[in-house]
Structure formats: structure tokens, C-alpha cells
Amino acid sequence: MAIHTTAIQSTQAFPYAFSICTLVTTQKQYQEMLESFEQAGFDNRDCEFLYVNNSTGNHYDAYQGINRMLTAAQGRYIICCHQDILLEFDKRPALEHALDALDQ
């Protein structure tokens, strides 16, 4: 029996620039986080926002939830963050500048 393998291509196309992944236990904090990301330049035009809803009970532990989001994520870059993150200092251009520098 031959083993099937798949080579990962470095030129892979991504439908989103960023996948923002969050474990949510408090909807109010998550909504504030989403507003903060939008004000910082992250929106649905080229970002996807994935979350695991643990606000009504512990449906997934952190390992399971993050694994499911990483599997589903379609962004070139994946941001895993807490629901209480607020982007008060640097905006999206600062992150993109740092990522460009790393790529160089």
C-alpha cells in the first residue's frame, strides 16, 4: 500500500490576509475586541474572524478550540488572541510593516 503525501507549496494562495481566532467566554468582551480590530484596520474585506463560543458552557478546552480554529483558518497569517484584547496602540500597518521586515 502506497502512502499518499501532499507537498505544501510556499506560493499557496490565501483567501484572507488574516484569520483572527478567539476562544470566547464573554460575548461583551468579544464584541469590544471586534470593534477594536475594526478600528485598527482589520475588517471582513480581507480578514476572517473565527471563534469558539464557550459563553454558554465549556464546549471546547483551549487545545481543542485552538486546534479547530487553526484547521479552519484560511488566512495567510493567523492571530490567536484572547477576547479581552483591545488594539489601543499600534494599528494594522504596524503589524504589516513588521511582517514585511520578517519576510525580508
# chains A, B, ... in the order shown; residues from 1 in each chain; ligands from 1
$ residues_around --residues "range 36-51 of chain A" --least-positions-apart "4" --cutoff "7 Å" --atoms "only C-alpha atoms" --output "PyMOL selection string"
chain A and resi 16-24+32+69+86-87+91-92
$ residues_around --residues "range 52-57 of chain A" --least-positions-apart "6" --cutoff "12 Å" --atoms "only C-alpha atoms" --output "count of residues only"
24
$ atom_distance --atom1 "CA of Ala7 in chain A" --atom2 "CA of Ala101 in chain A"
26.5 Å
$ atom_distance --atom1 "CA of Thr11 in chain A" --atom2 "CA of Leu102 in chain A"
16.9 Å
